[in-house]
Amino acid sequence: MAGGELPCGMLSPRIYPSGDHAITIELGNAIDQGTHHKVISLYKRLQEHRHESMLDIIPSYHTVTVVYDPVAAPYGKMRQRLLDAAQHPTSIEISSRQLRIPVCYDETVAPDISSLADIHRITKQELIALHTGRSYRVYFLGFLPGFAYMGTVDERIATPRKQAPRTAVPAGSVGIAGTQTGIYPQESPGGWQLIGRTPIRMFDASLENPAYLQPGDEVQFYPVSIAEFKKLQQHASEGP
Amino acid sequence: MPARVLKAGFLDTVQNKGSYGQQHLGINPGGAMDMLAMQAANFLVGNDANANVLELHFPAARLLFENAALIALCGADFNAYINELPLPVNRACIIGPGTIVQFQNNKSGCRAYLAVQGGFFPADQEPGNRNTKYRQRLQDNDILYFKERSFREDQPVIFNWFANTTGWYRETLQFIPGPEYDLLDEASKKKLVTDPFLITSQSDRMGYRMKAEALHTIKAVTMLSSAVTRGTMQLLPNGQLIILMAEHQTTGGYPRVGYITSADLPSLSQAQPGKTFRFVQTDVIAAQQKMLQLHRELRQLQNACIFQLDAYLKK
């Protein structure tokens with residue numbers, strides 16, 4: 001943490017061991033695009049120049065964690081490697097994938113949409129327009145295989161998690177938690193407010209790239225009717 | 001030719017060191033809970049450290065080996081028998097075709113590791129594919145393949161050399177303070193290194209929930225989620241600790257009080273609910289030195305086993 005590790009005027013990032021086989025660098029302390037831009041730049045840089053001692057590179061809103069083999073490289077070496085990579089000037093443009101994902105907002109697959117519209121004193125149509133009205137950054141994946149934390153939603157539809165989590169949220173459910181939005185890749189317990197469902201399979205263990213979304217992706221939702229949803233779902237289950 | 005599961009146990013799975021490289025997709029690496037026992041079992045039969053073994057909980061599976069095999073058991077002692085003959089832990093053993101391997105009672109420990117020369121491959125898995133991530137627990141009549149070979153004996157041979165596990169399993173757990181350690185109040189910091197922490201029954205391959213007098217932070221903590229690792233000691237809102245194990249979620253938002261060292265996770269993995277541990281503070285440098293020391297010990301074991309097996313099999 002001593003000065004001189006970064007050029008003058010730049011704040012030293014907080015860097016600490018996450019146990020004896022992982023290290024974390026903190027590049028901010030909030031959910032914001034600027035911080036996440038730094039996170040994704042470093043994440044992609046480390047992926048491209050992956051050292052053989054690095055077993056996993058895991059981004060979050062504000063951190064990058066590297067899981068490593070201490071037999072191949074001790075903490076001090078990994079720390080320096082991470083600082084060097086963070087110091088490297090950030091590339092201006094991060095190439096991110098743009099993805100359009102269909103979402104059905106019909107109440108039969110969106111159990112919380114009416115109550116959310118009521119809470120925020122807007123119509124369901126306005127809620128849908130607000131949710132589909134901007135693209136979302138995939139900040140990171142966690143919680144379940146393929147579960148993407150995306151954000152941020154318009155303040156007018158931001159809603160805390162449910163007081164009592166559901167014991168079974170169906171696969172494909174699209175939810176809101178605070179200013180985050182996300183899609184449940186498989187059936188699981190969950191506390192997010194469910195405002196829709198996608199027919200897209202978000203996780204398929206049999207594929208070489210099992211997760212549909214990756215950190216850094218840009219996602220735009222578009223509304224589909226319940227009929228279209230069922231057709232697409234049928235199509236997805238039949239496979240290519 | 002293969003081994004057959006005559007009767008599945010409580011929780012038998014195929015494990016190895018785990019599959020890294022997908023945690024950014026929310027997929028944990030999994031792997032054996034007791035990495036020391038898993039590697040020792042592999043070395044005893046001449047495998048590399050990462051070959052597929054069976055991780056068994058008690059009651060454990062009853063297995064029929066249709067073919068001759070070189071096997072070894074490490075970790076928990078479930079009082080194993082090969083046909084009518086007791087099979088001690090930490091020794092290599094040659095068994096003939098048609099041998100039944102079964103486990104009588106839980107003498108000590110929590111997870112036993114059964115290795116076979118060449119490693120186990122479930123029937124639906126390509127040989128060489130070590131990704132055991134999506135594998136379910138073994139069921140009755142499941143088939144496990146392994147590389148076929150013959151031995152000159154018809155009778156079982158239990159070798160007289162063994163893996164020395166002295167010092168592997170301990171009564172205290174060392175931890176490296178985590179980024180939120182300093183948010184604990186002074187009394188809680190003291191409790192952390194003096195109070196006994198009990199393993200509750202809510203403990204499994206995902207995590208161990210511990211019970212002790214509640215720990216408190218100096219202020220309310222709200223955190224953004226970030227990556228968590230095996231061994232992370234998370235402070236739950238009720239003041240209790242959960243220690244993340246092999247099947248942990250890849251990210252988490254609870255305060256990270258500390259991290260149990262890799263050298264001490266086998267001790268926790270072999271402990272049953274109801275057992276208590278005390279925590280001892282260490283640092284990352286010392287923890288990694290301990291890892292290196294264990295790594296060298298395992299290499300020595302591997303070399304010794306290769307030497308002994310070669311000497312025997314060439315005779």
# chains A, B, ... in the order shown; residues from 1 in each chain; ligands from 1

$ residues_around --residues "Ala117 (chain A)" --least-positions-apart "5" --cutoff "10 Å" --atoms "only C-alpha atoms" --output "list in words"
Asp112, Ile122, Thr123, Lys124, Gln125, Glu126, Leu127, Ile128, Arg156, Ile157 and Ile195 of chain A

$ closest_atom_pairs --of "chain B" --to "chain A" --cutoff "9 Å" --atoms "only C-alpha atoms" --output "tab-separated table"
residue	atom	partner	partner_atom	distance
B:Tyr20	CA	A:Leu55	CA	5.7
B:Gly21	CA	A:Asp56	CA	4.8
B:Gln22	CA	A:Asp56	CA	6.9
B:Gln23	CA	A:Asp56	CA	6.3
B:His24	CA	A:Ile58	CA	4.7
B:Leu25	CA	A:Leu141	CA	5.2
B:Gly26	CA	A:Gly142	CA	4.1
B:Ile27	CA	A:Pro145	CA	4.8
B:Asn28	CA	A:Pro145	CA	8.0
B:Tyr134	CA	A:Ala205	CA	7.4
B:Phe175	CA	A:Gly19	CA	8.1
B:Ile176	CA	A:Gly19	CA	6.2
B:Pro177	CA	A:Gly19	CA	8.3
B:Gly178	CA	A:Ser18	CA	6.9
B:Pro179	CA	A:Tyr16	CA	7.2
B:Met223	CA	A:Asn29	CA	8.8
B:Leu224	CA	A:Tyr61	CA	7.3
B:Ser225	CA	A:Ser60	CA	6.9
B:Ser226	CA	A:Ser60	CA	5.1
B:Ala227	CA	A:Thr65	CA	6.3
B:Val228	CA	A:Ser18	CA	7.5
B:Thr229	CA	A:Ser18	CA	7.1
B:Arg230	CA	A:Gly19	CA	8.3
B:Gly231	CA	A:Gly19	CA	7.2
B:Thr232	CA	A:Gly19	CA	7.1
B:Gln249	CA	A:Phe143	CA	5.5
B:Thr250	CA	A:Gly142	CA	5.5
B:Thr251	CA	A:Gly142	CA	5.2
B:Gly252	CA	A:Phe143	CA	7.6
B:Arg256	CA	A:Ser18	CA	8.9
B:Gly258	CA	A:Gly19	CA	7.5
B:Tyr259	CA	A:Gly19	CA	4.9
B:Ile260	CA	A:Gly19	CA	7.1
B:Thr261	CA	A:Asp20	CA	6.1
B:Ser262	CA	A:Asp20	CA	6.8
B:Asp283	CA	A:Asp20	CA	8.5
B:Val284	CA	A:Asp20	CA	5.4
B:Ile285	CA	A:Tyr75	CA	7.2
B:Ala287	CA	A:Asp20	CA	6.2
B:Gln288	CA	A:Asp20	CA	6.0
B:Met291	CA	A:Val71	CA	7.7
B:Leu292	CA	A:Val71	CA	6.2
B:His295	CA	A:Val71	CA	7.8

$ residues_around --residues "Glu228 (chain A)" --least-positions-apart "2" --cutoff "12 Å" --atoms "only C-alpha atoms" --output "MDAnalysis selection string"
chainID A and resid 102:106 197:199 222:226 230:235

$ write_last_selection --atoms "N, CA and C atoms" --output "JSON list (two decimals), in the first residue's frame"
[["chain", "number", "residue", "atom", "x", "y", "z"],
["A", 102, "PRO", "N", -35.60, -11.40, -25.36],
["A", 102, "PRO", "CA", -37.06, -11.26, -25.28],
["A", 102, "PRO", "C", -37.56, -11.54, -23.86],
["A", 103, "VAL", "N", -38.50, -10.72, -23.40],
["A", 103, "VAL", "CA", -39.09, -10.92, -22.07],
["A", 103, "VAL", "C", -40.60, -10.81, -22.20],
["A", 104, "CYS", "N", -41.29, -11.80, -21.63],
["A", 104, "CYS", "CA", -42.74, -11.74, -21.57],
["A", 104, "CYS", "C", -43.14, -11.14, -20.23],
["A", 105, "TYR", "N", -43.91, -10.04, -20.27],
["A", 105, "TYR", "CA", -44.31, -9.35, -19.04],
["A", 105, "TYR", "C", -45.75, -9.69, -18.65],
["A", 106, "ASP", "N", -46.29, -10.76, -19.27],
["A", 106, "ASP", "CA", -47.67, -11.18, -18.95],
["A", 106, "ASP", "C", -47.74, -11.64, -17.49],
["A", 197, "ARG", "N", -40.57, -13.03, -17.71],
["A", 197, "ARG", "CA", -39.82, -14.27, -17.91],
["A", 197, "ARG", "C", -39.31, -14.32, -19.35],
["A", 198, "THR", "N", -38.09, -14.84, -19.51],
["A", 198, "THR", "CA", -37.53, -15.00, -20.85],
["A", 198, "THR", "C", -37.57, -16.46, -21.26],
["A", 199, "PRO", "N", -37.83, -16.71, -22.54],
["A", 199, "PRO", "CA", -37.78, -18.10, -23.03],
["A", 199, "PRO", "C", -36.35, -18.57, -23.31],
["A", 222, "TYR", "N", -36.56, -6.78, -24.75],
["A", 222, "TYR", "CA", -37.70, -6.34, -25.56],
["A", 222, "TYR", "C", -38.91, -7.20, -25.24],
["A", 223, "PRO", "N", -40.10, -6.57, -25.21],
["A", 223, "PRO", "CA", -41.29, -7.31, -24.77],
["A", 223, "PRO", "C", -41.84, -8.25, -25.84],
["A", 224, "VAL", "N", -42.27, -9.44, -25.40],
["A", 224, "VAL", "CA", -42.99, -10.35, -26.30],
["A", 224, "VAL", "C", -44.29, -10.78, -25.62],
["A", 225, "SER", "N", -45.26, -11.16, -26.44],
["A", 225, "SER", "CA", -46.56, -11.59, -25.91],
["A", 225, "SER", "C", -46.42, -12.98, -25.30],
["A", 226, "ILE", "N", -47.44, -13.40, -24.57],
["A", 226, "ILE", "CA", -47.41, -14.73, -23.96],
["A", 226, "ILE", "C", -47.41, -15.81, -25.05],
["A", 230, "LYS", "N", -44.40, -18.54, -25.49],
["A", 230, "LYS", "CA", -44.59, -20.00, -25.49],
["A", 230, "LYS", "C", -43.97, -20.63, -26.73],
["A", 231, "LYS", "N", -44.11, -19.91, -27.85],
["A", 231, "LYS", "CA", -43.54, -20.42, -29.11],
["A", 231, "LYS", "C", -42.00, -20.48, -29.00],
["A", 232, "LEU", "N", -41.43, -19.40, -28.48],
["A", 232, "LEU", "CA", -39.97, -19.35, -28.34],
["A", 232, "LEU", "C", -39.47, -20.39, -27.33],
["A", 233, "GLN", "N", -40.26, -20.58, -26.28],
["A", 233, "GLN", "CA", -39.87, -21.54, -25.25],
["A", 233, "GLN", "C", -39.87, -22.97, -25.82],
["A", 234, "GLN", "N", -40.89, -23.25, -26.61],
["A", 234, "GLN", "CA", -41.00, -24.55, -27.29],
["A", 234, "GLN", "C", -39.77, -24.75, -28.18],
["A", 235, "HIS", "N", -39.46, -23.72, -28.93],
["A", 235, "HIS", "CA", -38.34, -23.73, -29.85],
["A", 235, "HIS", "C", -37.04, -24.00, -29.10]]

$ closest_residue --among "B:Leu215, B:Gly167, B:Thr200, B:Asn160" --to "Glu186 (chain B)" --atoms "only C-alpha atoms"
B:Leu215

$ atom_distance --atom1 "CA of Ser188 (chain A)" --atom2 "CA of Pro170 (chain A)"
7.0 Å

$ select_by_dssp --residues "region 47-77 of chain B" --states "strand (DSSP E)" --output "PyMOL selection string"
chain B and resi 53-56+62-65+69-77

$ write_last_selection --atoms "N, CA and C atoms" --output "PDB file, in the first residue's frame"
ATOM      1  N   VAL B  53     -11.306 -39.709  -7.916  1.00  0.00           N
ATOM      2  CA  VAL B  53     -11.491 -40.647  -6.800  1.00  0.00           C
ATOM      3  C   VAL B  53     -12.976 -40.626  -6.419  1.00  0.00           C
ATOM      4  N   LEU B  54     -13.368 -41.541  -5.536  1.00  0.00           N
ATOM      5  CA  LEU B  54     -14.711 -41.472  -4.971  1.00  0.00           C
ATOM      6  C   LEU B  54     -14.622 -40.802  -3.611  1.00  0.00           C
ATOM      7  N   GLU B  55     -15.462 -39.805  -3.404  1.00  0.00           N
ATOM      8  CA  GLU B  55     -15.587 -39.191  -2.077  1.00  0.00           C
ATOM      9  C   GLU B  55     -16.820 -39.818  -1.432  1.00  0.00           C
ATOM     10  N   LEU B  56     -16.629 -40.472  -0.298  1.00  0.00           N
ATOM     11  CA  LEU B  56     -17.705 -41.230   0.342  1.00  0.00           C
ATOM     12  C   LEU B  56     -18.041 -40.645   1.703  1.00  0.00           C
ATOM     13  N   ARG B  62     -21.675 -49.634  -1.309  1.00  0.00           N
ATOM     14  CA  ARG B  62     -21.108 -50.977  -1.418  1.00  0.00           C
ATOM     15  C   ARG B  62     -20.776 -51.180  -2.888  1.00  0.00           C
ATOM     16  N   LEU B  63     -19.531 -51.562  -3.161  1.00  0.00           N
ATOM     17  CA  LEU B  63     -19.044 -51.612  -4.544  1.00  0.00           C
ATOM     18  C   LEU B  63     -18.580 -53.008  -4.908  1.00  0.00           C
ATOM     19  N   LEU B  64     -18.843 -53.393  -6.136  1.00  0.00           N
ATOM     20  CA  LEU B  64     -18.323 -54.652  -6.669  1.00  0.00           C
ATOM     21  C   LEU B  64     -17.297 -54.327  -7.746  1.00  0.00           C
ATOM     22  N   PHE B  65     -16.060 -54.793  -7.531  1.00  0.00           N
ATOM     23  CA  PHE B  65     -15.027 -54.640  -8.562  1.00  0.00           C
ATOM     24  C   PHE B  65     -15.033 -55.913  -9.402  1.00  0.00           C
ATOM     25  N   ALA B  69      -7.891 -54.851  -9.349  1.00  0.00           N
ATOM     26  CA  ALA B  69      -7.602 -53.419  -9.274  1.00  0.00           C
ATOM     27  C   ALA B  69      -6.589 -53.142  -8.171  1.00  0.00           C
ATOM     28  N   LEU B  70      -5.889 -52.034  -8.338  1.00  0.00           N
ATOM     29  CA  LEU B  70      -5.024 -51.512  -7.282  1.00  0.00           C
ATOM     30  C   LEU B  70      -5.763 -50.322  -6.680  1.00  0.00           C
ATOM     31  N   ILE B  71      -6.127 -50.420  -5.401  1.00  0.00           N
ATOM     32  CA  ILE B  71      -6.947 -49.375  -4.775  1.00  0.00           C
ATOM     33  C   ILE B  71      -6.285 -48.867  -3.490  1.00  0.00           C
ATOM     34  N   ALA B  72      -6.766 -47.742  -2.992  1.00  0.00           N
ATOM     35  CA  ALA B  72      -6.322 -47.220  -1.693  1.00  0.00           C
ATOM     36  C   ALA B  72      -7.426 -46.347  -1.118  1.00  0.00           C
ATOM     37  N   LEU B  73      -7.500 -46.342   0.206  1.00  0.00           N
ATOM     38  CA  LEU B  73      -8.481 -45.540   0.940  1.00  0.00           C
ATOM     39  C   LEU B  73      -7.741 -44.555   1.836  1.00  0.00           C
ATOM     40  N   CYS B  74      -8.188 -43.296   1.823  1.00  0.00           N
ATOM     41  CA  CYS B  74      -7.591 -42.309   2.726  1.00  0.00           C
ATOM     42  C   CYS B  74      -8.700 -41.452   3.328  1.00  0.00           C
ATOM     43  N   GLY B  75      -8.335 -40.654   4.308  1.00  0.00           N
ATOM     44  CA  GLY B  75      -9.302 -39.765   4.943  1.00  0.00           C
ATOM     45  C   GLY B  75     -10.016 -40.484   6.075  1.00  0.00           C
ATOM     46  N   ALA B  76     -11.352 -40.399   6.076  1.00  0.00           N
ATOM     47  CA  ALA B  76     -12.136 -40.998   7.161  1.00  0.00           C
ATOM     48  C   ALA B  76     -11.934 -42.513   7.204  1.00  0.00           C
ATOM     49  N   ASP B  77     -12.041 -43.095   8.398  1.00  0.00           N
ATOM     50  CA  ASP B  77     -11.970 -44.547   8.559  1.00  0.00           C
ATOM     51  C   ASP B  77     -13.379 -45.082   8.777  1.00  0.00           C
TER      52      ASP B  77
END

$ residues_around --residues "Glu247 (chain B)" --least-positions-apart "2" --cutoff "6 Å" --atoms "only C-alpha atoms" --output "PyMOL selection string"
chain B and resi 30+205-206+245
